[in-house]
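> Once you've had a glance at the structure underneath, I'll fire off some questions.
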Amino acid sequence: MKRTIILFNLLILSLFCYAQQNEFIIAENYFRNNEYEKAIQLYKQLYDQSPYNTNYLKRLITCYQETEQFTTAENLLTEKLKEKPNLTYLHVVLGYNFERQEKINEANNQYQIAIKSADQKNSYGTLIAGLFKSYNKLDFAIEVYRKVMANNPKANYGFQLAQIYGEKGDFEQMFQSYIDLVDKNDNYLNNVKRYTGKYINDDSENENNMLFKKALLRKSISNPKDVWNDLLAWLFITQKEYNKAFIQVKALLARNPDNLGKINDLGKISLENKDYETAKKCFDIVIDKTNYPKDKFNAINNNLKIAIATKQPNIDERFNAIFKEYGVNNQTLFTQIAYANYLTFTKNTPQEASLILKKALTFANSKFMKASIKLKLGDVLVYMGKFNTALIYFSQVQTEFKNHYLGQEARFKVAQASYFKNDFKWAKAQLKILKGSATQLIANDAADLFLTISDNEPKDSIPSGLKEYAKADLLAFQNKNDKAIAILNDVIKNFKGQPIEDEALFKQAQLFSKKEQYEEAILNYGKIIALDHTGIYVDDAYYHIAELYNNELNDPEKAKEYYQKIIFDHPSSIYLVDARKKYRKLRGDNI
């Protein structure tokens with residue numbers, strides 16, 4: 001019987017809670033739709049049922065204020081304070097009620113009562129600060145948060161303070177608050193990076209970057225910690241000053257060998273951004289200090305990439321030295337793939353590369369490793385013009401890894417090889433699948449090639465230039481850029497006025513840039529713009545001209561001119577955000 005009564009009471013309570021929640025949802029809908037009179041009836045009922053629920057009370061007071069029932073709101077708050085004088089947060093609400101009536105003195109009196117209550121270790125201190133923030137009384141909110149933290153050293157409202165300083169535009173104090181937060185607890189490091197990252201950029205002269213750096217340096221002097229090196233390294237990486245970041249991560253490594261991963265990560269970032277000197281310093285340290293063979297060989301391979309990119313004269317000797325020291329075996333498979341790639345695309349000796357990869361397949365014991373080798377072998381065969389054999393290898397990977405990145409990459413290579421051999425129908429079929437289901441990078445490449453074929457396919461057996469363009473594309477794939485440029489000249493001349501013309505001009509401009517013939521590239525981009533001011537390549541042309549002036553020709557005024565054309569003439573361009581950022585940087589604005 002007793003158990004039945006308990007269950008009955010629980011049922012009644014749950015029904016009551018459900019009904020109350022339903023009423024609150026309806027009241028909130030009225031509130032959001034500015035139907036305050038209707039909302040008042042429900043909030044009043046909810047408040048009478050739960051007089052200690054601050055949300056109900058605050059909503060009810062707001063509704064009274066929005067309907068200019070200030071006296072009713074005042075009476076309710078005054079009555080509540082007489083009944084429960086320890087609810088000092090209500091003085092903030094009452095103060096704001098006076099402020100809405102422009103009774104500033106009365107408002108400030110109430111605010112001061114609430115603030116002083118925080119000195120008495122009032123348990124409502126956090127609520128008082130939050131109410132001040134919600135009413136945009138930011139200085140009062142800061143004052144109360146600081147009082148609460150002073151009374152309770154374990155309390156940490158650094159995030160709240162930093163956000164308030166950010167709202168005030170006081171970025172110096174904002175950064176200081178974030179740094180103080182990390183000073184109290186290193187576990188906040190990643191969160192601080194995420195929030196701080198919204199205010200800094202890759203410009204080391206940007207005012208916010210300098211403020212953050214100064215705050216870090218001050219703290220690192222007054223209270224040295226590894227976390228300050230970490231944050232400084234992160235800032236320098238953001239500013240693309242990888243050599244400065246290296247100094248910080250190297251200092252971290254000197255104090256703790258577990259920080260070798262940070263050196264490795266910096267090496268990868270530096271390599272990706274073509275700071276080869278810093279990247280090599282990082283990978284040299286990894287090779288020397290790591291206990292993990294995988295990390296060691298990745299670093300070795302990355303150093304080989306750097307040697308190839310910087311056109312060092314002893315590349316073959318470097319590869320052979322590695323094979324002599326570690327053997328041609330399962331351990332050096334990625335190095336063998338890298339060597340095959342170098343032999344094919346840099347030395348133009350694909351036959352030798354093919355033999356190396358076929359041998360590598362015989363001792364690869366992972367299906368993923370075998371797939372990687374087959375994809376590279378397929379590339380080598382495409383380079384040699386052996387499309388059908390290449391398609392066999394690509395198709396094997398595609399079949400085995402249907403829903404995997406490797407399978408998507410293989411499908412794209414099938415499409416690309418089919419395109420090179422002028423089987424445009426089959427290439428389009430593969431690309432159509434990839435456009436919506438592949439990873440972003442492959443999907444973008446697939447979409448670009450799909451559009452190239454679709455826009456330029458021959459109709460009614462009338463030549464469109466697509467076959468010649470595909471031949472030039474193959475030569476570019478083979479790094480035979482001069483021959484590709486020559487064929488593209490013929491396409492531009494023989495198919496003038498046809499859709500393929502701007503494609504050929506754009507492809508040729510990219511090859512000119514690759515050969516560091518920047519003026520010729522700009523001339524081509526200019527021809528694209530002149531062809532059709534609304535053409536699909538026009539915003540690409542403006543952006544690439546701006547980038548060449550900015551990064552290669554050291555002409556910031558010209559760069560600004562072309563970034564500006566994207567900002568004002570092509571507001572829907574995919575380059576808009578980047579163009580605006582770079583334009584402001586060149587103009588000296590703080591972003």
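Ligands are numbered from 1 in the order shown, chains are lettered A, B, ... in the order of the structure tokens, and residues start at 1 in each chain.
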Which neighbours of A:Gln173 fall inside 9 Å, counting only C-alpha atoms, when residues of the same chain fewer than 6 positions from it are skipped, and could you give them as a ChimeraX atom specification?
/A:161-162,165-166
> Can I get the selection written as a tab-separated table (two decimals), in the first residue's frame, with C-alpha atoms?

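Listing of part.tsv after writing:
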```tsv
chain	number	residue	atom	x	y	z
A	161	LEU	CA	35.74	38.46	-17.96
A	162	ALA	CA	37.55	38.01	-21.26
A	165	TYR	CA	36.31	42.89	-22.24
A	166	GLY	CA	35.93	41.72	-25.84
```
> Based on the backbone DSSP call, show me all residues of stretch 292-387 of chain A assigned alpha helix (DSSP H), as a PyMOL selection string.
chain A and resi 293-309+315-326+333-345+350-363+367-383+387
> Please list as a VMD selection string every residue within 9 Å of A:Gln351, counting only C-alpha atoms and excluding residues in the same chain fewer than 3 positions away.
chain A and resid 343 to 344 348 354 to 356 380 to 381 384
> What does the distance between atom CA of A:His544 and atom CA of A:Phe412 come to in Å, to one decimal place?
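So the answer is 25.9 Å.
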> Could you give me, as a list of chain:residue names, the residues within 12 Å of A:Pro463, counting only C-alpha atoms and dropping anything in the same chain fewer than 2 positions from it?
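Using only C-alpha atoms, the neighbours found are A:Asn456, A:Glu457, A:Pro458, A:Lys459, A:Asp460, A:Ser461, A:Gly465, A:Leu466, A:Lys467, A:Glu468, A:Tyr469, A:Val491, A:Asn494, A:Phe495, A:Gln498, A:Pro499, A:Ile500.
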> For A:Ser204, which residue among A:Asn303, A:Gln239, A:Asn524, A:Asn223 is the nearest when counting only C-alpha atoms?
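Comparing A:Asn303, A:Gln239, A:Asn524, A:Asn223 against A:Ser204, the winner is A:Gln239.
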> Taking 5 positions as the minimum chain separation for residues in the same chain, which residues sit within 8 Å of stretch 58-74 of chain A when counting only C-alpha atoms? Answer as a ChimeraX atom specification.
/A:31,36-37,39-40,43-44,93-94,97-98,100-101
> If you measure from atom CA of A:Gln248 to atom CA of A:Glu272, what distance in Å do you get, rounded to one decimal?
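We find that atom CA of A:Gln248 and atom CA of A:Glu272 lie 19.4 Å from each other.
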